[in-house]
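Next up, entry.pdb (PDB, C-alpha atoms, pLDDT in the B column):
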ATOM      1  CA  MET A  58      69.328 -23.181  -1.196  1.00 65.00           C
ATOM      2  CA  GLN A  59      70.290 -26.824  -0.785  1.00 63.00           C
ATOM      3  CA  GLY A  60      73.605 -27.263   1.045  1.00 57.00           C
ATOM      4  CA  ASP A  61      73.437 -24.058   3.090  1.00 64.00           C
ATOM      5  CA  SER A  62      74.346 -24.040   6.783  1.00 69.00           C
ATOM      6  CA  ILE A  63      72.041 -22.187   9.175  1.00 81.00           C
ATOM      7  CA  ILE A  64      72.757 -22.092  12.910  1.00 84.00           C
ATOM      8  CA  VAL A  65      70.142 -20.159  14.883  1.00 88.00           C
ATOM      9  CA  GLU A  66      71.649 -18.799  18.101  1.00 90.00           C
ATOM     10  CA  GLU A  67      70.256 -16.920  21.078  1.00 94.00           C
ATOM     11  CA  HIS A  68      71.078 -13.475  19.670  1.00 93.00           C
ATOM     12  CA  HIS A  69      69.114 -14.290  16.497  1.00 95.00           C
ATOM     13  CA  LYS A  70      66.169 -15.328  18.665  1.00 95.00           C
ATOM     14  CA  LYS A  71      66.485 -12.113  20.680  1.00 95.00           C
ATOM     15  CA  ALA A  72      66.349  -9.983  17.531  1.00 95.00           C
ATOM     16  CA  ALA A  73      63.513 -12.044  16.056  1.00 96.00           C
ATOM     17  CA  SER A  74      61.439 -11.726  19.213  1.00 96.00           C
ATOM     18  CA  ALA A  75      61.791  -7.932  19.155  1.00 95.00           C
ATOM     19  CA  VAL A  76      60.954  -7.761  15.442  1.00 96.00           C
ATOM     20  CA  ALA A  77      57.925 -10.015  15.923  1.00 95.00           C
ATOM     21  CA  GLU A  78      56.638  -7.787  18.706  1.00 93.00           C
ATOM     22  CA  ILE A  79      56.749  -4.790  16.365  1.00 93.00           C
ATOM     23  CA  LEU A  80      55.238  -6.675  13.434  1.00 92.00           C
ATOM     24  CA  MET A  81      52.373  -8.221  15.383  1.00 87.00           C
ATOM     25  CA  GLN A  82      51.019  -4.741  16.039  1.00 83.00           C
ATOM     26  CA  GLN A  83      50.569  -4.480  12.262  1.00 79.00           C
ATOM     27  CA  ILE A  84      49.788  -8.066  11.157  1.00 75.00           C
ATOM     28  CA  ASP A  85      46.269  -9.379  11.639  1.00 70.00           C
ATOM     29  CA  LEU A  86      46.148 -13.176  11.873  1.00 59.00           C
ATOM     30  CA  PHE A  87      42.790 -13.102  10.110  1.00 57.00           C
ATOM     31  CA  ASP A  88      43.917 -10.659   7.437  1.00 68.00           C
ATOM     32  CA  SER A  89      44.917 -12.025   4.059  1.00 75.00           C
ATOM     33  CA  ARG A  90      48.686 -12.199   3.657  1.00 92.00           C
ATOM     34  CA  THR A  91      51.785 -10.124   4.263  1.00 94.00           C
ATOM     35  CA  THR A  92      55.433 -10.056   3.192  1.00 96.00           C
ATOM     36  CA  ILE A  93      58.624  -9.161   5.064  1.00 97.00           C
ATOM     37  CA  SER A  94      62.198  -8.734   3.885  1.00 98.00           C
ATOM     38  CA  ILE A  95      65.308  -9.252   5.995  1.00 98.00           C
ATOM     39  CA  ALA A  96      68.473  -7.716   4.555  1.00 97.00           C
ATOM     40  CA  GLY A  97      72.018  -6.990   5.613  1.00 95.00           C
ATOM     41  CA  GLU A  98      75.623  -7.647   4.743  1.00 92.00           C
ATOM     42  CA  SER A  99      77.295 -11.033   4.412  1.00 88.00           C
ATOM     43  CA  GLY A 100      77.451 -12.792   7.765  1.00 87.00           C
ATOM     44  CA  SER A 101      75.031 -10.412   9.474  1.00 91.00           C
ATOM     45  CA  GLY A 102      72.668 -13.291  10.271  1.00 92.00           C
ATOM     46  CA  LYS A 103      69.935 -12.795   7.680  1.00 94.00           C
ATOM     47  CA  SER A 104      69.121 -16.479   7.190  1.00 94.00           C
ATOM     48  CA  GLU A 105      69.255 -17.234  10.899  1.00 95.00           C
ATOM     49  CA  THR A 106      67.142 -14.208  11.833  1.00 96.00           C
ATOM     50  CA  ALA A 107      64.600 -15.100   9.149  1.00 97.00           C
ATOM     51  CA  GLN A 108      64.273 -18.616  10.545  1.00 96.00           C
ATOM     52  CA  ALA A 109      64.068 -17.333  14.119  1.00 97.00           C
ATOM     53  CA  LEU A 110      61.407 -14.802  13.078  1.00 97.00           C
ATOM     54  CA  ALA A 111      59.390 -17.504  11.316  1.00 97.00           C
ATOM     55  CA  ASP A 112      59.589 -19.649  14.472  1.00 96.00           C
ATOM     56  CA  GLU A 113      58.501 -16.707  16.648  1.00 95.00           C
ATOM     57  CA  LEU A 114      55.562 -15.784  14.404  1.00 94.00           C
ATOM     58  CA  GLU A 115      54.445 -19.411  14.193  1.00 94.00           C
ATOM     59  CA  LYS A 116      54.288 -19.538  18.003  1.00 93.00           C
ATOM     60  CA  ASN A 117      51.688 -16.780  17.659  1.00 90.00           C
ATOM     61  CA  GLY A 118      49.526 -18.565  15.124  1.00 90.00           C
ATOM     62  CA  PHE A 119      51.041 -17.464  11.812  1.00 92.00           C
ATOM     63  CA  THR A 120      52.280 -19.836   9.140  1.00 94.00           C
ATOM     64  CA  CYS A 121      55.453 -18.681   7.406  1.00 96.00           C
ATOM     65  CA  TYR A 122      57.513 -19.472   4.339  1.00 97.00           C
ATOM     66  CA  ILE A 123      61.057 -18.194   3.701  1.00 97.00           C
ATOM     67  CA  PHE A 124      62.337 -17.188   0.284  1.00 98.00           C
ATOM     68  CA  GLN A 125      66.146 -17.134   0.115  1.00 97.00           C
ATOM     69  CA  GLN A 126      67.689 -14.566  -2.220  1.00 97.00           C
ATOM     70  CA  ASP A 127      70.478 -17.109  -2.867  1.00 95.00           C
ATOM     71  CA  ASP A 128      68.024 -19.108  -4.980  1.00 97.00           C
ATOM     72  CA  TYR A 129      67.470 -16.104  -7.244  1.00 98.00           C
ATOM     73  CA  PHE A 130      71.045 -15.431  -8.334  1.00 97.00           C
ATOM     74  CA  ILE A 131      71.430 -15.492 -12.107  1.00 96.00           C
ATOM     75  CA  TYR A 132      74.351 -17.916 -11.812  1.00 96.00           C
ATOM     76  CA  PRO A 133      74.803 -20.675  -9.217  1.00 95.00           C
ATOM     77  CA  PRO A 134      77.322 -19.879  -6.443  1.00 93.00           C
ATOM     78  CA  LYS A 135      80.606 -21.194  -7.823  1.00 94.00           C
ATOM     79  CA  THR A 136      79.908 -19.908 -11.325  1.00 97.00           C
ATOM     80  CA  ASN A 137      78.916 -16.549  -9.849  1.00 96.00           C
ATOM     81  CA  ASP A 138      82.186 -16.401  -7.898  1.00 95.00           C
ATOM     82  CA  LYS A 139      84.137 -17.144 -11.100  1.00 96.00           C
ATOM     83  CA  THR A 140      82.212 -14.430 -12.955  1.00 97.00           C
ATOM     84  CA  ARG A 141      83.020 -11.905 -10.210  1.00 97.00           C
ATOM     85  CA  ARG A 142      86.708 -12.783 -10.363  1.00 96.00           C
ATOM     86  CA  GLU A 143      86.720 -12.254 -14.121  1.00 97.00           C
ATOM     87  CA  ASN A 144      84.855  -8.949 -13.835  1.00 97.00           C
ATOM     88  CA  ILE A 145      84.555  -7.218 -10.454  1.00 96.00           C
ATOM     89  CA  ASP A 146      81.889  -4.914 -11.909  1.00 96.00           C
ATOM     90  CA  TRP A 147      79.532  -7.910 -11.848  1.00 97.00           C
ATOM     91  CA  VAL A 148      79.198  -7.456  -8.073  1.00 96.00           C
ATOM     92  CA  GLY A 149      75.905  -5.837  -7.112  1.00 96.00           C
ATOM     93  CA  SER A 150      72.148  -6.268  -7.187  1.00 96.00           C
ATOM     94  CA  GLY A 151      72.335  -7.072 -10.906  1.00 96.00           C
ATOM     95  CA  GLU A 152      73.621 -10.531  -9.940  1.00 97.00           C
ATOM     96  CA  VAL A 153      70.177 -11.346  -8.592  1.00 98.00           C
ATOM     97  CA  ARG A 154      66.811 -11.771 -10.298  1.00 98.00           C
ATOM     98  CA  LEU A 155      65.156  -9.419  -7.839  1.00 98.00           C
ATOM     99  CA  ASN A 156      62.385  -8.763 -10.354  1.00 98.00           C
ATOM    100  CA  LEU A 157      61.475 -12.466 -10.274  1.00 98.00           C
ATOM    101  CA  LEU A 158      61.528 -12.568  -6.474  1.00 98.00           C
ATOM    102  CA  ASP A 159      59.356  -9.445  -6.385  1.00 98.00           C
ATOM    103  CA  GLU A 160      56.994 -11.091  -8.864  1.00 98.00           C
ATOM    104  CA  HIS A 161      56.700 -14.127  -6.611  1.00 98.00           C
ATOM    105  CA  LEU A 162      55.929 -11.938  -3.587  1.00 98.00           C
ATOM    106  CA  GLU A 163      53.282 -10.131  -5.616  1.00 98.00           C
ATOM    107  CA  LYS A 164      51.696 -13.425  -6.664  1.00 97.00           C
ATOM    108  CA  PHE A 165      51.610 -14.558  -3.053  1.00 97.00           C
ATOM    109  CA  LEU A 166      49.963 -11.290  -1.977  1.00 96.00           C
ATOM    110  CA  SER A 167      47.390 -11.593  -4.760  1.00 95.00           C
ATOM    111  CA  GLY A 168      46.343 -15.015  -3.475  1.00 95.00           C
ATOM    112  CA  GLU A 169      48.200 -17.552  -5.592  1.00 96.00           C
ATOM    113  CA  ASN A 170      48.696 -20.797  -3.705  1.00 96.00           C
ATOM    114  CA  SER A 171      51.272 -22.536  -5.866  1.00 96.00           C
ATOM    115  CA  LEU A 172      54.500 -21.129  -7.281  1.00 96.00           C
ATOM    116  CA  LYS A 173      57.453 -22.470  -9.217  1.00 97.00           C
ATOM    117  CA  LYS A 174      60.677 -20.946  -7.941  1.00 98.00           C
ATOM    118  CA  PRO A 175      64.384 -21.510  -8.583  1.00 97.00           C
ATOM    119  CA  LEU A 176      66.303 -23.768  -6.210  1.00 96.00           C
ATOM    120  CA  VAL A 177      70.105 -23.649  -5.990  1.00 95.00           C
ATOM    121  CA  PHE A 178      72.169 -26.756  -5.240  1.00 93.00           C
ATOM    122  CA  TYR A 179      75.382 -25.350  -3.797  1.00 90.00           C
ATOM    123  CA  GLU A 180      77.736 -28.311  -4.086  1.00 90.00           C
ATOM    124  CA  GLU A 181      76.527 -29.211  -7.566  1.00 94.00           C
ATOM    125  CA  ASP A 182      76.698 -25.552  -8.664  1.00 95.00           C
ATOM    126  CA  ARG A 183      73.392 -25.714 -10.452  1.00 94.00           C
ATOM    127  CA  VAL A 184      69.989 -24.086 -10.387  1.00 95.00           C
ATOM    128  CA  ASP A 185      66.904 -26.284 -10.571  1.00 96.00           C
ATOM    129  CA  GLU A 186      63.244 -25.499  -9.949  1.00 96.00           C
ATOM    130  CA  GLU A 187      60.758 -26.464  -7.280  1.00 97.00           C
ATOM    131  CA  GLU A 188      57.025 -26.020  -6.860  1.00 97.00           C
ATOM    132  CA  ILE A 189      55.913 -24.736  -3.482  1.00 97.00           C
ATOM    133  CA  ASP A 190      52.521 -24.791  -1.781  1.00 97.00           C
ATOM    134  CA  LEU A 191      51.587 -21.495  -0.135  1.00 97.00           C
ATOM    135  CA  SER A 192      47.923 -22.264   0.460  1.00 95.00           C
ATOM    136  CA  SER A 193      48.216 -22.248   4.255  1.00 95.00           C
ATOM    137  CA  VAL A 194      50.853 -19.495   4.506  1.00 96.00           C
ATOM    138  CA  ASN A 195      50.080 -16.104   6.127  1.00 92.00           C
ATOM    139  CA  VAL A 196      53.552 -14.574   6.050  1.00 95.00           C
ATOM    140  CA  VAL A 197      56.328 -14.796   3.472  1.00 97.00           C
ATOM    141  CA  ILE A 198      59.817 -13.733   4.560  1.00 98.00           C
ATOM    142  CA  ALA A 199      62.349 -12.868   1.851  1.00 98.00           C
ATOM    143  CA  GLU A 200      65.908 -12.833   3.167  1.00 98.00           C
ATOM    144  CA  GLY A 201      69.049 -11.737   1.372  1.00 97.00           C
ATOM    145  CA  THR A 202      71.568  -8.998   0.816  1.00 96.00           C
ATOM    146  CA  TYR A 203      69.483  -6.819  -1.479  1.00 97.00           C
ATOM    147  CA  THR A 204      65.943  -7.672  -0.375  1.00 98.00           C
ATOM    148  CA  THR A 205      65.333  -4.162   0.993  1.00 97.00           C
ATOM    149  CA  LEU A 206      64.934  -3.221  -2.687  1.00 98.00           C
ATOM    150  CA  LEU A 207      61.879  -5.463  -3.069  1.00 98.00           C
ATOM    151  CA  ASP A 208      58.792  -3.345  -3.717  1.00 97.00           C
ATOM    152  CA  GLN A 209      56.399  -6.143  -2.737  1.00 97.00           C
ATOM    153  CA  ALA A 210      57.786  -6.548   0.784  1.00 97.00           C
ATOM    154  CA  ARG A 211      55.404  -4.699   3.097  1.00 94.00           C
ATOM    155  CA  ASN A 212      57.930  -4.493   5.916  1.00 95.00           C
ATOM    156  CA  HIS A 213      61.695  -4.212   5.447  1.00 97.00           C
ATOM    157  CA  VAL A 214      63.978  -5.372   8.263  1.00 97.00           C
ATOM    158  CA  PHE A 215      67.622  -4.251   8.010  1.00 97.00           C
ATOM    159  CA  ILE A 216      70.433  -5.773  10.078  1.00 96.00           C
ATOM    160  CA  ASP A 217      72.835  -2.908  10.732  1.00 94.00           C
ATOM    161  CA  ARG A 218      76.138  -4.815  11.034  1.00 89.00           C
ATOM    162  CA  SER A 219      78.969  -4.347   8.531  1.00 84.00           C
ATOM    163  CA  TYR A 220      81.098  -7.115   7.019  1.00 81.00           C
ATOM    164  CA  LEU A 221      83.930  -5.993   9.318  1.00 80.00           C
ATOM    165  CA  GLU A 222      81.769  -6.913  12.318  1.00 73.00           C
ATOM    166  CA  THR A 223      80.633 -10.236  10.898  1.00 69.00           C
ATOM    167  CA  ARG A 224      83.865 -12.043  10.035  1.00 62.00           C
ATOM    168  CA  ALA A 225      83.568 -14.497  12.952  1.00 59.00           C
ATOM    169  CA  HIS A 226      80.105 -15.509  11.777  1.00 56.00           C
ATOM    170  CA  ARG A 227      81.307 -15.888   8.182  1.00 53.00           C
ATOM    171  CA  GLU A 228      84.155 -18.094   9.369  1.00 59.00           C
ATOM    172  CA  LYS A 229      81.714 -20.277  11.277  1.00 54.00           C
ATOM    173  CA  ARG A 230      79.389 -20.891   8.322  1.00 56.00           C
ATOM    174  CA  LYS A 231      81.892 -20.816   5.430  1.00 54.00           C
ATOM    175  CA  ARG A 232      81.125 -23.320   2.687  1.00 52.00           C
ATOM    176  CA  ASP A 233      84.435 -22.909   0.824  1.00 52.00           C
ATOM    177  CA  ALA A 234      87.892 -21.514   1.710  1.00 51.00           C
ATOM    178  CA  SER A 235      87.635 -18.982  -1.130  1.00 53.00           C
ATOM    179  CA  GLU A 236      84.801 -17.238   0.740  1.00 58.00           C
ATOM    180  CA  LEU A 237      87.346 -15.661   3.094  1.00 63.00           C
ATOM    181  CA  ASP A 238      90.166 -14.750   0.692  1.00 78.00           C
ATOM    182  CA  ASP A 239      91.311 -11.209  -0.157  1.00 87.00           C
ATOM    183  CA  PHE A 240      89.143 -11.067  -3.261  1.00 92.00           C
ATOM    184  CA  ILE A 241      86.001 -11.775  -1.265  1.00 89.00           C
ATOM    185  CA  GLU A 242      86.948  -9.100   1.252  1.00 89.00           C
ATOM    186  CA  ASN A 243      87.039  -6.696  -1.705  1.00 93.00           C
ATOM    187  CA  VAL A 244      83.620  -7.932  -2.837  1.00 93.00           C
ATOM    188  CA  LEU A 245      82.243  -7.363   0.658  1.00 92.00           C
ATOM    189  CA  SER A 246      83.666  -3.847   0.702  1.00 92.00           C
ATOM    190  CA  ILE A 247      81.864  -3.096  -2.562  1.00 93.00           C
ATOM    191  CA  GLU A 248      78.651  -4.631  -1.249  1.00 93.00           C
ATOM    192  CA  HIS A 249      78.966  -2.533   1.909  1.00 92.00           C
ATOM    193  CA  GLU A 250      78.988   0.667  -0.144  1.00 93.00           C
ATOM    194  CA  ILE A 251      75.869  -0.473  -1.988  1.00 94.00           C
ATOM    195  CA  ILE A 252      73.893  -1.923   0.918  1.00 93.00           C
ATOM    196  CA  SER A 253      74.554   0.837   3.441  1.00 91.00           C
ATOM    197  CA  SER A 254      72.401   3.154   1.325  1.00 92.00           C
ATOM    198  CA  HIS A 255      69.450   0.734   1.647  1.00 95.00           C
ATOM    199  CA  LYS A 256      69.082   1.273   5.388  1.00 94.00           C
ATOM    200  CA  LYS A 257      66.880   4.316   4.873  1.00 94.00           C
ATOM    201  CA  ARG A 258      64.297   2.144   3.078  1.00 95.00           C
ATOM    202  CA  ALA A 259      63.899  -0.148   6.085  1.00 96.00           C
ATOM    203  CA  SER A 260      60.959   0.017   8.473  1.00 95.00           C
ATOM    204  CA  ILE A 261      62.733  -1.934  11.258  1.00 96.00           C
ATOM    205  CA  ILE A 262      66.420  -1.826  12.189  1.00 97.00           C
ATOM    206  CA  ILE A 263      68.316  -4.526  14.084  1.00 96.00           C
ATOM    207  CA  ASP A 264      71.426  -2.983  15.637  1.00 94.00           C
ATOM    208  CA  SER A 265      74.812  -4.551  16.454  1.00 88.00           C
ATOM    209  CA  GLU A 266      73.516  -5.603  19.880  1.00 91.00           C
ATOM    210  CA  TYR A 267      70.577  -7.423  18.247  1.00 92.00           C
ATOM    211  CA  ASN A 268      68.002  -4.938  19.482  1.00 94.00           C
ATOM    212  CA  ALA A 269      65.197  -4.076  17.061  1.00 95.00           C
ATOM    213  CA  SER A 270      63.436  -0.747  16.696  1.00 94.00           C
ATOM    214  CA  VAL A 271      61.241   1.115  14.250  1.00 93.00           C
ATOM    215  CA  ASN A 272      63.319   3.138  11.783  1.00 91.00           C
ATOM    216  CA  LYS A 273      62.426   6.796  12.243  1.00 81.00           C
TER     217      LYS A 273
END
Rendering of file as structure tokens:
Amino acid sequence: MQGDSIIVEEHHKKAASAVAEILMQQIDLFDSRTTISIAGESGSGKSETAQALADELEKNGFTCYIFQQDDYFIYPPKTNDKTRRENIDWVGSGEVRLNLLDEHLEKFLSGENSLKKPLVFYEEDRVDEEEIDLSSVNVVIAEGTYTTLLDQARNHVFIDRSYLETRAHREKRKRDASELDDFIENVLSIEHEIISSHKKRASIIIDSEYNASVNK
């Protein structure tokens, strides 16, 4: 998403290093391709951890590309916020074209080298399209709130931090004052109830201390 703010800090690197160590026991550099999802609640550090993981994997010879769930929302951000405020029942995975994101992961896994994907422009509140070249990519990382639901992600990473634990991070990266109002806190509470049930689908858990372990 154009206009997003991503600040990778040491704790994101710590988590990414631990996740990479687990993944590299499963990923063969000379194998075809693989896909990973990184999910969690708002402010849990999904985007930052995804970037840190891509950096860590690339140090070990892999080439990565990151798909952001934010690009796959049905409505652009400000319109989506307005729609939520008009109807709170809009909140949930139905806001996102997860089927399209899953389709793009499947195409990548099947060997397609070029894809057209949506691209959100935050400030302009619009969704455009971009063509991406995946010909040299080994690993695709899909990051976003509901990406644990993606069937075409071969490994699911879940950041186990609730919205109550992440307020400081949300304050640091806020793009608009409305993102921290009482309505949004209600949205995050609803999302928490939905997302907490996804943890059991994850193969790797990142805990509140940014340690990563295999989900047993």
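Of the residues listed (A:Asn268, A:Thr202, A:Gln209, A:Ser260), A:Thr202 shows the shortest atom-to-atom separation from Ser101 of chain A; distances use all atoms listed in the file.
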List the neighbours of Glu169 of chain A out to 10 Å using all atoms listed in the file; skip same-chain residues closer than 6 positions along the sequence, and give me the result as a ChimeraX atom specification.
/A:161-163,190-192
Between atom CA of Val194 of chain A and atom CA of Glu67 of chain A, distance in Å (one decimal)
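These two atoms are separated by 25.6 Å.
Minimum atom-to-atom distances from A:Ala107, A:Ile241, A:Ile216, A:Leu158 to Ile64 of chain A were compared using all atoms listed in the file, and the lowest value belongs to A:Ala107.
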When you count all atoms listed in the file, which of these residues is closest to Gly151 of chain A: A:Ala259, A:Ala109, A:Ala96, A:Leu206?
A:Leu206
Could you give me, as a ChimeraX atom specification, the residues that have an atom at most 12 Å away from the point (57.1, -11.8, -5.8) in the coordinates of the file, using all atoms listed in the file?
/A:91-94,124,126,129,154-169,172-174,197-199,204,207-211
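Residue nearest Gly102 of chain A, chosen from A:Ile63, A:Ile262, A:Ile189, A:Leu80 and counting all atoms listed in the file: A:Ile63.
Note that the spacing between atom CA of Asp127 of chain A and atom CA of Pro175 of chain A amounts to 9.4 Å.
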Please give the centre and size of the box around segment 181-188 of chain A (axis-aligned, containing every atom listed in the file, 4 Å added per side), with values in Å to one decimal and written as AutoDock Vina command-line options.
--center_x 66.9 --center_y -26.6 --center_z -8.7 --size_x 27.7 --size_y 13.1 --size_z 11.7
Near Arg218 of chain A, counting all atoms listed in the file, which residues have an atom at most 12 Å away, once you skip same-chain residues fewer than 6 positions from it, shown as a short mmCIF file (atom, residue, chain, number, x, y, z; two decimals) with C-alpha atoms, in the coordinates of the input?
data_model
loop_
_atom_site.label_atom_id
_atom_site.label_comp_id
_atom_site.auth_asym_id
_atom_site.auth_seq_id
_atom_site.Cartn_x
_atom_site.Cartn_y
_atom_site.Cartn_z
CA ALA A 96 68.47 -7.72 4.56
CA GLY A 97 72.02 -6.99 5.61
CA GLU A 98 75.62 -7.65 4.74
CA SER A 99 77.30 -11.03 4.41
CA GLY A 100 77.45 -12.79 7.76
CA SER A 101 75.03 -10.41 9.47
CA GLY A 102 72.67 -13.29 10.27
CA LYS A 103 69.94 -12.80 7.68
CA THR A 202 71.57 -9.00 0.82
CA ARG A 224 83.86 -12.04 10.04
CA HIS A 226 80.10 -15.51 11.78
CA HIS A 249 78.97 -2.53 1.91
CA ILE A 252 73.89 -1.92 0.92
CA SER A 253 74.55 0.84 3.44
CA LYS A 256 69.08 1.27 5.39
CA ILE A 262 66.42 -1.83 12.19
CA ILE A 263 68.32 -4.53 14.08
CA ASP A 264 71.43 -2.98 15.64
CA SER A 265 74.81 -4.55 16.45
CA GLU A 266 73.52 -5.60 19.88
CA TYR A 267 70.58 -7.42 18.25
CA ASN A 268 68.00 -4.94 19.48
#
Looking at all atoms listed in the file, which of A:Ile247, A:Phe119, A:Val177, A:Ile84 is the one that sits closest to Trp147 of chain A?
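Among the listed residues, the smallest separation from Trp147 of chain A belongs to A:Ile247.
From atom CA of Ser270 of chain A back to atom CA of His69 of chain A, the distance works out to 14.7 Å.
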Restricting the calculation to only C-alpha atoms, which member of A:Val196, A:Ile79, A:Val65, A:Ala73 is positioned closest to Ile123 of chain A?
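Counting only C-alpha atoms, the residue closest to Ile123 of chain A is A:Val196.
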Around (78.0, -21.9, -3.1), as given in the file, which residues come within 6 Å? Count all atoms listed in the file and list them as a ChimeraX atom specification.
/A:134-135,179
